[in-house]
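Chemist: Contents of final.cif (mmCIF, C-alpha atoms):
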```
data_entry
loop_
_atom_site.label_atom_id
_atom_site.label_comp_id
_atom_site.auth_asym_id
_atom_site.auth_seq_id
_atom_site.Cartn_x
_atom_site.Cartn_y
_atom_site.Cartn_z
CA MET C 1 -1.70 -58.34 18.73
CA THR C 2 -3.95 -57.37 21.66
CA THR C 3 -7.29 -55.56 21.31
CA PRO C 4 -7.95 -52.15 22.90
CA GLU C 5 -10.40 -53.68 25.40
CA LYS C 6 -7.87 -56.18 26.64
CA THR C 7 -5.17 -53.54 26.82
CA ALA C 8 -7.42 -51.23 28.87
CA SER C 9 -8.25 -54.06 31.28
CA GLN C 10 -4.60 -54.98 31.66
CA ALA C 11 -3.69 -51.34 32.27
CA SER C 12 -6.40 -50.99 34.90
CA THR C 13 -5.16 -54.02 36.78
CA SER C 14 -1.56 -52.83 36.70
CA LEU C 15 -2.26 -49.25 37.95
CA PRO C 16 -2.14 -48.63 41.69
CA GLU C 17 -5.31 -47.79 43.56
CA VAL C 18 -6.14 -44.07 43.82
CA ALA C 19 -6.71 -42.79 47.35
CA ASP C 20 -10.08 -41.25 48.16
CA VAL C 21 -9.39 -37.49 48.25
CA THR C 22 -13.00 -36.36 48.61
CA ALA C 23 -12.95 -37.03 52.33
CA GLY C 24 -12.22 -33.79 54.11
CA PHE C 25 -11.82 -31.87 50.82
CA GLU C 26 -14.34 -29.21 51.79
CA ASP C 27 -12.25 -28.26 54.78
CA LYS C 28 -9.13 -27.75 52.61
CA ARG C 29 -10.60 -25.46 49.90
CA GLY C 30 -8.33 -22.67 48.68
CA PHE C 31 -8.96 -19.24 47.19
CA ASN C 32 -9.57 -18.57 43.46
CA HIS C 33 -8.55 -15.26 41.90
CA PHE C 34 -9.54 -14.19 38.38
CA THR C 35 -7.59 -11.40 36.74
CA GLU C 36 -9.31 -8.52 34.98
CA ARG C 37 -7.93 -9.76 31.65
CA ALA C 38 -9.58 -13.18 32.07
CA LEU C 39 -12.92 -11.62 33.06
CA SER C 40 -12.69 -9.18 30.10
CA THR C 41 -12.31 -12.08 27.65
CA ILE C 42 -15.38 -13.85 29.05
CA VAL C 43 -17.51 -10.68 29.04
CA GLN C 44 -16.54 -9.69 25.49
CA GLN C 45 -17.27 -13.14 24.05
CA ALA C 46 -20.60 -13.27 25.92
CA ILE C 47 -21.71 -9.86 24.55
CA LEU C 48 -20.72 -10.61 20.95
CA SER C 49 -22.55 -13.97 21.00
CA VAL C 50 -25.97 -12.25 21.40
CA PRO C 51 -27.88 -11.64 18.12
CA GLY C 52 -28.23 -7.94 17.32
CA VAL C 53 -24.88 -6.89 18.86
CA VAL C 54 -22.10 -5.73 16.53
CA GLN C 55 -18.46 -4.92 17.09
CA ARG C 56 -17.63 -1.40 15.97
CA SER C 57 -14.12 0.05 15.98
CA SER C 58 -13.06 2.54 13.29
CA GLY C 59 -9.67 4.24 13.02
CA LEU C 60 -10.60 7.35 15.01
CA GLU C 61 -12.54 5.34 17.63
CA LYS C 62 -9.47 3.15 18.27
CA ILE C 63 -7.37 6.25 19.02
CA THR C 64 -9.97 7.85 21.32
CA GLY C 65 -10.92 4.53 22.98
CA ARG C 66 -14.57 4.68 21.86
CA SER C 67 -14.79 1.21 20.30
CA TYR C 68 -17.78 -1.02 21.00
CA PRO C 69 -18.51 -3.10 22.96
CA ARG C 70 -16.68 -1.56 25.89
CA PHE C 71 -17.10 -2.34 29.58
CA ASN C 72 -15.69 -1.69 33.03
CA ILE C 73 -15.22 -4.58 35.50
CA ASP C 74 -15.07 -4.10 39.28
CA ALA C 75 -14.27 -7.39 41.08
CA ASP C 76 -14.43 -7.86 44.86
CA ASP C 77 -12.48 -11.03 45.76
CA ALA C 78 -13.19 -10.74 49.47
CA ASN C 79 -16.99 -10.87 49.04
CA GLY C 80 -16.96 -12.92 45.82
CA SER C 81 -18.88 -10.38 43.71
CA VAL C 82 -18.40 -8.80 40.29
CA SER C 83 -19.92 -5.55 38.98
CA ILE C 84 -19.90 -4.89 35.22
CA ASP C 85 -20.89 -1.67 33.37
CA SER C 86 -21.04 -2.21 29.60
CA THR C 87 -21.95 -0.19 26.50
CA ILE C 88 -22.93 -2.02 23.31
CA ALA C 89 -23.66 -1.17 19.65
CA VAL C 90 -26.99 -2.58 18.38
CA THR C 91 -28.11 -3.28 14.82
CA TRP C 92 -31.21 -1.76 13.27
CA PRO C 93 -33.92 -2.94 12.79
CA SER C 94 -33.97 -5.02 15.99
CA PRO C 95 -35.78 -5.03 19.39
CA VAL C 96 -33.21 -2.87 21.22
CA THR C 97 -34.66 -3.40 24.72
CA ALA C 98 -34.82 -7.18 24.33
CA VAL C 99 -31.24 -7.25 22.98
CA ALA C 100 -29.98 -5.31 26.04
CA GLU C 101 -31.83 -7.66 28.43
CA THR C 102 -30.43 -10.74 26.65
CA VAL C 103 -26.89 -9.31 26.91
CA ARG C 104 -27.35 -8.73 30.64
CA ASP C 105 -28.58 -12.30 31.27
CA THR C 106 -25.92 -13.82 29.01
CA VAL C 107 -23.02 -12.05 30.73
CA ARG C 108 -24.33 -13.06 34.17
CA THR C 109 -24.71 -16.70 33.06
CA TRP C 110 -21.27 -16.92 31.45
CA ILE C 111 -19.51 -15.41 34.50
CA SER C 112 -21.28 -17.86 36.84
CA ARG C 113 -20.61 -20.81 34.50
CA PHE C 114 -16.87 -20.23 33.96
CA THR C 115 -15.77 -18.66 37.28
CA GLY C 116 -18.32 -19.93 39.78
CA ILE C 117 -19.12 -16.41 41.04
CA GLU C 118 -22.84 -16.17 41.78
CA ASN C 119 -23.07 -12.54 42.91
CA VAL C 120 -22.84 -10.80 39.50
CA SER C 121 -24.30 -7.34 38.75
CA VAL C 122 -24.50 -6.30 35.08
CA ASN C 123 -25.55 -2.88 33.71
CA VAL C 124 -26.06 -2.54 29.94
CA ALA C 125 -26.23 0.79 28.05
CA VAL C 126 -27.06 1.00 24.35
CA GLY C 127 -24.69 3.22 22.37
CA PRO C 128 -24.74 3.67 18.60
CA VAL C 129 -27.30 1.99 16.35
CA VAL C 130 -25.87 0.58 13.10
CA ASN C 131 -27.96 -0.03 9.98
CA VAL C 132 -27.53 -3.56 8.59
CA PRO C 133 -29.38 -5.33 5.77
CA THR C 134 -30.37 -8.31 7.96
CA ARG C 135 -33.23 -7.95 10.47
CA VAL C 136 -33.02 -9.35 14.01
CA SER C 137 -36.46 -10.33 15.30
CA MET C 138 -37.77 -11.43 18.69
CA ASN C 139 -37.72 -15.06 17.57
CA HIS C 140 -33.93 -14.94 17.19
CA LEU C 141 -33.57 -13.80 20.81
CA LEU C 142 -36.02 -16.45 22.10
CA ASP C 143 -34.14 -19.23 20.28
CA PHE C 144 -30.80 -17.96 21.60
CA GLY C 145 -29.46 -20.01 24.55
CA LEU C 146 -27.90 -18.18 27.48
CA GLU C 147 -25.52 -21.06 28.32
CA PRO C 148 -22.17 -21.03 26.49
CA ALA C 149 -22.06 -23.50 23.61
CA THR C 150 -19.76 -26.42 24.38
CA ILE C 151 -17.41 -27.64 21.66
CA PRO C 152 -16.90 -31.43 21.59
CA VAL C 153 -13.30 -32.53 21.89
CA ARG C 154 -12.19 -35.13 19.41
CA TYR C 155 -9.51 -37.56 20.34
CA THR C 156 -8.07 -40.78 18.96
CA GLU C 157 -7.68 -43.78 21.20
CA THR C 158 -4.12 -44.95 21.45
CA ILE C 159 -3.10 -48.57 22.15
CA PRO C 160 -0.27 -48.91 24.68
CA VAL C 161 2.56 -50.98 23.28
CA SER C 162 5.20 -52.48 25.53
CA PRO C 163 8.70 -51.70 24.30
CA THR C 164 10.87 -54.57 23.15
CA VAL C 165 14.28 -54.81 24.78
CA LYS C 166 17.11 -56.48 22.93
CA PRO C 167 18.99 -59.16 24.89
CA GLN C 168 22.26 -57.98 26.32
CA ARG C 169 25.38 -59.27 24.73
CA GLU C 170 27.95 -61.14 26.78
CA LEU C 171 30.74 -58.84 27.85
CA ARG C 172 34.17 -59.89 26.78
CA PRO C 173 37.16 -59.26 29.02
CA ILE C 174 39.56 -56.56 27.86
CA ASP C 175 43.18 -57.67 27.51
CA ARG C 176 45.27 -54.89 28.97
CA GLY C 177 48.55 -56.61 28.14
CA THR C 178 51.61 -56.73 30.43
CA ILE C 179 52.24 -53.79 32.69
CA PRO C 180 55.84 -52.51 32.29
CA GLU C 181 58.07 -52.54 35.38
CA LEU C 182 58.33 -49.21 37.11
CA ARG C 183 61.81 -47.75 37.36
CA PRO C 184 62.86 -45.64 40.36
CA ILE C 185 63.50 -41.93 39.71
CA ASP C 186 66.92 -40.65 40.74
CA ARG C 187 66.39 -37.25 42.38
CA GLY C 188 70.11 -36.53 42.57
CA ARG C 189 72.02 -35.22 45.56
CA GLN C 190 70.14 -32.79 47.75
CA PRO C 191 71.92 -29.42 48.20
CA GLU C 192 73.18 -28.56 51.67
CA LEU C 193 71.29 -25.70 53.30
CA ARG C 194 73.41 -22.78 54.52
CA ALA C 195 72.52 -20.56 57.45
CA ILE C 196 71.97 -16.84 56.74
CA ASP C 197 73.51 -14.31 59.15
CA ALA C 198 70.72 -11.85 59.98
CA GLY C 199 73.11 -9.49 61.80
CA THR C 200 72.29 -7.45 64.92
CA ILE C 201 68.76 -6.22 65.31
CA PRO C 202 68.69 -2.39 65.78
CA GLU C 203 67.17 -1.10 68.99
CA ALA C 204 63.74 0.42 68.58
CA TRP C 205 63.43 4.05 69.64
CA SER C 206 60.32 5.91 70.60
CA PRO C 207 59.82 9.51 69.38
CA GLU C 208 59.61 12.26 72.00
CA THR C 209 56.31 14.08 72.32
CA PRO C 210 56.84 17.88 71.96
CA GLU C 211 55.50 20.18 74.65
CA PRO C 212 52.24 22.00 73.79
CA ARG C 213 52.77 25.56 72.63
CA PHE C 214 50.97 28.57 74.06
CA VAL C 215 48.22 29.76 71.75
CA ARG C 216 47.96 33.51 71.54
CA PRO C 217 44.49 34.99 71.18
CA THR C 218 43.91 36.83 67.94
CA SER C 219 42.10 40.14 67.82
CA LEU C 220 39.53 40.86 65.18
CA PRO C 221 40.07 43.97 63.05
CA ASN C 222 37.81 46.91 63.49
CA ALA C 223 34.64 46.65 61.51
CA LYS C 224 34.50 49.14 58.67
CA PRO C 225 31.39 51.27 58.34
CA VAL C 226 29.01 50.31 55.57
CA MET C 227 28.89 52.91 52.84
CA SER C 228 25.49 53.86 51.54
CA VAL C 229 25.02 53.63 47.81
CA HIS C 230 23.55 56.73 46.22
CA THR C 231 20.51 56.03 44.14
CA PRO C 232 20.95 57.53 40.65
CA GLN C 233 18.44 60.02 39.44
CA PRO C 234 15.73 58.68 37.14
CA VAL C 235 16.45 59.18 33.49
CA THR C 236 13.80 61.07 31.62
CA PRO C 237 13.08 59.42 28.26
CA ALA C 238 13.55 61.72 25.30
CA SER C 239 10.58 61.96 23.00
CA PRO C 240 11.55 61.45 19.33
CA ARG C 241 10.91 64.17 16.88
CA VAL C 242 7.99 63.53 14.60
CA THR C 243 8.79 64.36 11.01
CA ARG C 244 6.27 65.81 8.66
CA LYS C 245 3.68 63.42 7.37
CA ALA C 246 4.29 62.23 3.87
CA SER C 247 1.69 63.46 1.42
CA VAL C 248 -0.17 60.73 -0.35
CA ILE C 249 -0.42 61.24 -4.09
CA SER C 250 -3.48 59.67 -5.57
CA PRO C 251 -2.82 58.39 -9.11
CA LYS C 252 -4.99 59.80 -11.84
CA THR C 253 -7.30 57.40 -13.57
CA PRO C 254 -6.29 57.13 -17.26
CA ARG C 255 -8.87 57.95 -19.87
CA PRO C 256 -10.68 55.00 -21.35
CA VAL C 257 -9.38 54.05 -24.74
CA GLN C 258 -11.97 53.71 -27.44
CA ALA C 259 -11.72 50.51 -29.38
CA ILE C 260 -11.56 51.07 -33.16
CA SER C 261 -13.22 48.39 -35.19
CA PRO C 262 -11.44 47.86 -38.54
CA ARG C 263 -13.41 48.36 -41.72
CA VAL C 264 -13.73 45.30 -43.89
CA LYS C 265 -13.83 45.95 -47.62
CA GLU C 266 -16.58 44.48 -49.59
CA SER C 267 -15.66 41.23 -51.24
CA ARG C 268 -15.32 41.39 -54.99
CA PRO C 269 -16.64 38.69 -57.23
CA LEU C 270 -14.08 36.26 -58.52
CA ILE C 271 -13.26 36.56 -62.23
CA HIS C 272 -12.87 33.26 -63.93
CA PRO C 273 -10.19 33.48 -66.65
CA SER C 274 -11.31 32.46 -70.08
CA THR C 275 -9.24 29.81 -71.80
CA VAL C 276 -8.31 30.78 -75.38
CA GLU C 277 -6.59 28.47 -77.78
CA THR C 278 -3.08 29.59 -78.65
CA ARG C 279 -1.82 29.32 -82.17
CA VAL C 280 1.80 28.62 -82.96
CA ARG C 281 3.27 30.74 -85.74
CA SER C 282 6.42 29.91 -87.57
CA VAL C 283 9.33 32.37 -87.08
CA ALA C 284 11.91 32.88 -89.80
CA ALA C 285 15.51 32.39 -88.67
CA LEU C 286 17.76 35.48 -88.83
CA PRO C 287 21.01 35.36 -90.83
CA PRO C 288 24.22 34.92 -88.77
CA ILE C 289 25.93 38.12 -87.53
CA GLN C 290 29.31 38.80 -89.06
CA PRO C 291 32.07 40.12 -86.71
CA VAL C 292 33.13 43.76 -87.26
CA PRO C 293 36.74 44.79 -86.38
CA VAL C 294 36.93 47.40 -83.56
CA ARG C 295 39.78 49.86 -83.25
CA THR C 296 41.36 50.24 -79.81
CA PRO C 297 41.80 53.92 -78.70
CA ALA C 298 45.19 55.25 -77.50
CA PRO C 299 45.86 54.99 -73.74
CA ILE C 300 44.99 58.06 -71.65
CA ARG C 301 47.94 59.95 -70.20
CA VAL C 302 47.85 60.28 -66.39
CA VAL C 303 48.68 63.82 -65.18
CA SER C 304 49.65 64.30 -61.49
CA PRO C 305 48.64 67.70 -60.00
CA ARG C 306 51.23 70.02 -58.57
CA ILE C 307 50.73 71.38 -55.02
CA VAL C 308 51.88 74.99 -54.69
CA SER C 309 52.37 76.38 -51.14
CA ARG C 310 51.74 80.11 -51.07
CA GLY C 311 51.98 80.50 -47.19
CA ILE C 312 48.42 81.78 -46.75
CA PRO C 313 47.18 81.10 -43.18
CA ALA C 314 43.89 79.27 -42.82
CA HIS C 315 41.02 81.19 -41.27
CA ARG C 316 39.24 79.60 -38.25
CA PRO C 317 35.47 79.75 -38.59
CA ALA C 318 33.79 81.80 -35.92
CA ALA C 319 30.80 80.19 -34.10
CA ARG C 320 28.36 82.12 -31.98
CA GLN C 321 27.71 80.79 -28.47
CA HIS C 322 24.47 81.58 -26.69
CA GLU C 323 24.14 81.72 -22.90
CA LEU C 324 22.48 78.63 -21.37
CA LYS C 325 19.20 79.19 -19.57
CA PRO C 326 18.15 77.13 -16.47
CA ILE C 327 15.26 74.73 -17.00
CA SER C 328 12.83 73.93 -14.12
CA ILE C 329 11.43 70.37 -14.06
CA ASN C 330 8.15 69.58 -12.28
CA LYS C 331 8.51 66.13 -10.63
CA ASN C 332 4.77 65.56 -10.43
CA ARG C 333 4.42 66.31 -14.14
CA VAL C 334 7.28 63.90 -14.94
CA LYS C 335 5.70 61.15 -12.84
CA GLU C 336 2.36 61.69 -14.52
CA VAL C 337 3.94 61.50 -17.99
CA LEU C 338 5.85 58.31 -17.12
CA ARG C 339 2.70 56.76 -15.64
CA ASN C 340 0.73 57.54 -18.79
CA GLU C 341 3.50 56.13 -20.99
CA ARG C 342 3.62 52.89 -18.95
CA GLY C 343 -0.15 52.53 -19.08
CA ARG C 344 -0.13 53.08 -22.84
CA HIS C 345 2.60 50.46 -23.38
CA ASN C 346 0.86 47.96 -21.11
CA PHE C 347 -2.41 48.49 -22.96
CA HIS C 348 -0.80 47.82 -26.33
#
```
Take the structure from the file and write it as structure tokens.
Modeler:
Amino acid sequence: MTTPEKTASQASTSLPEVADVTAGFEDKRGFNHFTERALSTIVQQAILSVPGVVQRSSGLEKITGRSYPRFNIDADDANGSVSIDSTIAVTWPSPVTAVAETVRDTVRTWISRFTGIENVSVNVAVGPVVNVPTRVSMNHLLDFGLEPATIPVRYTETIPVSPTVKPQRELRPIDRGTIPELRPIDRGRQPELRAIDAGTIPEAWSPETPEPRFVRPTSLPNAKPVMSVHTPQPVTPASPRVTRKASVISPKTPRPVQAISPRVKESRPLIHPSTVETRVRSVAALPPIQPVPVRTPAPIRVVSPRIVSRGIPAHRPAARQHELKPISINKNRVKEVLRNERGRHNFH
């Protein structure tokens, strides 16, 4: 088994030499373009890395687009310059002015470090101030580095291993056997072709062109005079008849009902019954009653009455009829009585 050092040396000797591409590279430089999305990611991460800056985005602020931090990027590719206007949310207590200056320097450093653009203009505005339990002092800002923190990349060294190839086996010839003899195919007797009589070809005839006809000029009919439309007379609107105003009847206020307090009888003292001893006296038994024979009376004779018709006509009773007198009813009085009756029933 070979060691990694030996493998690396063997690989270096086997690789071809790399051509020197630095010569004339400055004359063949291209053009770099950074999208607004890429610059927004760099600016946002640079702002949030500064101590004292918080990210604030509630439900209503997301809808209205008032989340923090927010910024506007204006990039000029022709001149190689970037202008950034940002608004941040700062914690309290903290040195607000120093936090804004650190954000400005950090954004400028990160843009130059990642994109190579040197002409960077950054404007920082402080928006809301959020109360937090932790305090950000000036020492935190002095210890903060403007350069982006690099993350070390971990990798494992791999040892190149040459693949092992199995030896090829000897090919054996394939026995195809004997090829059968080909037999000729009998196509049979070919049919004799017969000529088809096309007949006589009819002579082509050309149609005769008719002579042009004389076009007679048409005369336009006489124009009819335009009839004037009579304007109808304006209709006068009829004013509706105003009926008599309905009289408003003010209800009468019912009389106040006096509450009657019930009279409570004076409580009587309770009488405790006295317990008296009862004495049992002996009762003499009566002699047994002897039955006495009872005589049954004779049955009563039923007599049916006789109805005698004498032919006397029945007299019809005479009843005196008095003449009816008209009664006048006052509607207001009836309404007042009904209103009082309803109020009385509702009160009870």
Chemist: Go through the shown structure with the PyMOL selection byres ((chain C and resi 139) around 12) and write out the matching residues as a PDB file with C-alpha atoms, in the coordinates of the input.
Modeler:
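The file below, expr19.pdb, is the result:
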```
ATOM      1  CA  PRO C  51     -27.880 -11.640  18.120  1.00  0.00           C
ATOM      2  CA  GLY C  52     -28.230  -7.940  17.320  1.00  0.00           C
ATOM      3  CA  SER C  94     -33.970  -5.020  15.990  1.00  0.00           C
ATOM      4  CA  PRO C  95     -35.780  -5.030  19.390  1.00  0.00           C
ATOM      5  CA  ALA C  98     -34.820  -7.180  24.330  1.00  0.00           C
ATOM      6  CA  VAL C  99     -31.240  -7.250  22.980  1.00  0.00           C
ATOM      7  CA  ARG C 135     -33.230  -7.950  10.470  1.00  0.00           C
ATOM      8  CA  VAL C 136     -33.020  -9.350  14.010  1.00  0.00           C
ATOM      9  CA  SER C 137     -36.460 -10.330  15.300  1.00  0.00           C
ATOM     10  CA  MET C 138     -37.770 -11.430  18.690  1.00  0.00           C
ATOM     11  CA  HIS C 140     -33.930 -14.940  17.190  1.00  0.00           C
ATOM     12  CA  LEU C 141     -33.570 -13.800  20.810  1.00  0.00           C
ATOM     13  CA  LEU C 142     -36.020 -16.450  22.100  1.00  0.00           C
ATOM     14  CA  ASP C 143     -34.140 -19.230  20.280  1.00  0.00           C
ATOM     15  CA  PHE C 144     -30.800 -17.960  21.600  1.00  0.00           C
ATOM     16  CA  GLY C 145     -29.460 -20.010  24.550  1.00  0.00           C
TER      17      GLY C 145
END
```
Chemist: Given the file shown, determine the residues that the PyMOL selection byres ((chain C and resi 36-49) around 6) selects; report them as a list of chain:residue names.
Modeler: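 Given this file, the PyMOL selection byres ((chain C and resi 36-49) around 6) evaluates to C:Thr35, C:Val50, C:Val53, C:Val103, C:Val107.
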Chemist: Interatomic distance between atom CA of C:Asp74 and atom CA of C:Val129?
Modeler: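 Spanning atom CA of C:Asp74 to atom CA of C:Val129 is a straight-line distance of 26.7 Å.
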Chemist: Do you have the atom CA of C:Val82-atom CA of C:Asn119 distance handy?
Modeler: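 About the pair atom CA of C:Val82 and atom CA of C:Asn119: they are 6.5 Å apart.
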Chemist: Record the distance separating atom CA of C:Arg113 and atom CA of C:Ser81, expressed in Å with one decimal.
Modeler: 14.0 Å
Chemist: Starting from the displayed file, determine the output of the PyMOL selection byres ((chain C and resi 90) around 9) and express the residue list as a PDB file with C-alpha atoms, keeping the file's coordinate frame.
Modeler:
```pdb
ATOM      1  CA  GLY C  52     -28.230  -7.940  17.320  1.00  0.00           C
ATOM      2  CA  VAL C  53     -24.880  -6.890  18.860  1.00  0.00           C
ATOM      3  CA  VAL C  54     -22.100  -5.730  16.530  1.00  0.00           C
ATOM      4  CA  GLN C  55     -18.460  -4.920  17.090  1.00  0.00           C
ATOM      5  CA  ILE C  88     -22.930  -2.020  23.310  1.00  0.00           C
ATOM      6  CA  ALA C  89     -23.660  -1.170  19.650  1.00  0.00           C
ATOM      7  CA  THR C  91     -28.110  -3.280  14.820  1.00  0.00           C
ATOM      8  CA  TRP C  92     -31.210  -1.760  13.270  1.00  0.00           C
ATOM      9  CA  PRO C  93     -33.920  -2.940  12.790  1.00  0.00           C
ATOM     10  CA  SER C  94     -33.970  -5.020  15.990  1.00  0.00           C
ATOM     11  CA  VAL C  96     -33.210  -2.870  21.220  1.00  0.00           C
ATOM     12  CA  VAL C  99     -31.240  -7.250  22.980  1.00  0.00           C
ATOM     13  CA  ALA C 100     -29.980  -5.310  26.040  1.00  0.00           C
ATOM     14  CA  VAL C 126     -27.060   1.000  24.350  1.00  0.00           C
ATOM     15  CA  GLY C 127     -24.690   3.220  22.370  1.00  0.00           C
ATOM     16  CA  PRO C 128     -24.740   3.670  18.600  1.00  0.00           C
ATOM     17  CA  VAL C 129     -27.300   1.990  16.350  1.00  0.00           C
ATOM     18  CA  VAL C 130     -25.870   0.580  13.100  1.00  0.00           C
ATOM     19  CA  ASN C 131     -27.960  -0.030   9.980  1.00  0.00           C
TER      20      ASN C 131
END
```
Chemist: What would stretch 154-167 of chain C look like with N, CA and C atoms restored, written as a JSON list (two decimals), in the frame of the given file?
Modeler:
```
[["chain", "number", "residue", "atom", "x", "y", "z"],
["C", 154, "ARG", "N", -12.45, -33.89, 20.12],
["C", 154, "ARG", "CA", -12.19, -35.13, 19.41],
["C", 154, "ARG", "C", -10.81, -35.66, 19.78],
["C", 155, "TYR", "N", -10.78, -36.94, 19.98],
["C", 155, "TYR", "CA", -9.51, -37.56, 20.34],
["C", 155, "TYR", "C", -9.47, -38.94, 19.71],
["C", 156, "THR", "N", -8.30, -39.43, 19.51],
["C", 156, "THR", "CA", -8.07, -40.78, 18.96],
["C", 156, "THR", "C", -7.51, -41.67, 20.07],
["C", 157, "GLU", "N", -8.10, -42.84, 20.16],
["C", 157, "GLU", "CA", -7.68, -43.78, 21.20],
["C", 157, "GLU", "C", -6.35, -44.41, 20.80],
["C", 158, "THR", "N", -5.43, -44.38, 21.69],
["C", 158, "THR", "CA", -4.12, -44.95, 21.45],
["C", 158, "THR", "C", -3.99, -46.28, 22.19],
["C", 159, "ILE", "N", -3.31, -47.24, 21.58],
["C", 159, "ILE", "CA", -3.10, -48.57, 22.15],
["C", 159, "ILE", "C", -1.71, -48.59, 22.77],
["C", 160, "PRO", "N", -1.61, -48.84, 24.06],
["C", 160, "PRO", "CA", -0.27, -48.91, 24.68],
["C", 160, "PRO", "C", 0.49, -50.13, 24.16],
["C", 161, "VAL", "N", 1.68, -49.93, 23.79],
["C", 161, "VAL", "CA", 2.56, -50.98, 23.28],
["C", 161, "VAL", "C", 3.77, -51.06, 24.19],
["C", 162, "SER", "N", 4.04, -52.29, 24.67],
["C", 162, "SER", "CA", 5.20, -52.48, 25.53],
["C", 162, "SER", "C", 6.47, -52.47, 24.69],
["C", 163, "PRO", "N", 7.47, -51.76, 25.10],
["C", 163, "PRO", "CA", 8.70, -51.70, 24.30],
["C", 163, "PRO", "C", 9.44, -53.04, 24.33],
["C", 164, "THR", "N", 10.06, -53.34, 23.25],
["C", 164, "THR", "CA", 10.87, -54.57, 23.15],
["C", 164, "THR", "C", 12.31, -54.24, 23.45],
["C", 165, "VAL", "N", 12.89, -55.03, 24.35],
["C", 165, "VAL", "CA", 14.28, -54.81, 24.78],
["C", 165, "VAL", "C", 15.15, -55.90, 24.17],
["C", 166, "LYS", "N", 16.19, -55.51, 23.51],
["C", 166, "LYS", "CA", 17.11, -56.48, 22.93],
["C", 166, "LYS", "C", 17.92, -57.17, 24.03],
["C", 167, "PRO", "N", 18.19, -58.47, 23.86],
["C", 167, "PRO", "CA", 18.99, -59.16, 24.89],
["C", 167, "PRO", "C", 20.40, -58.60, 24.94]]
```
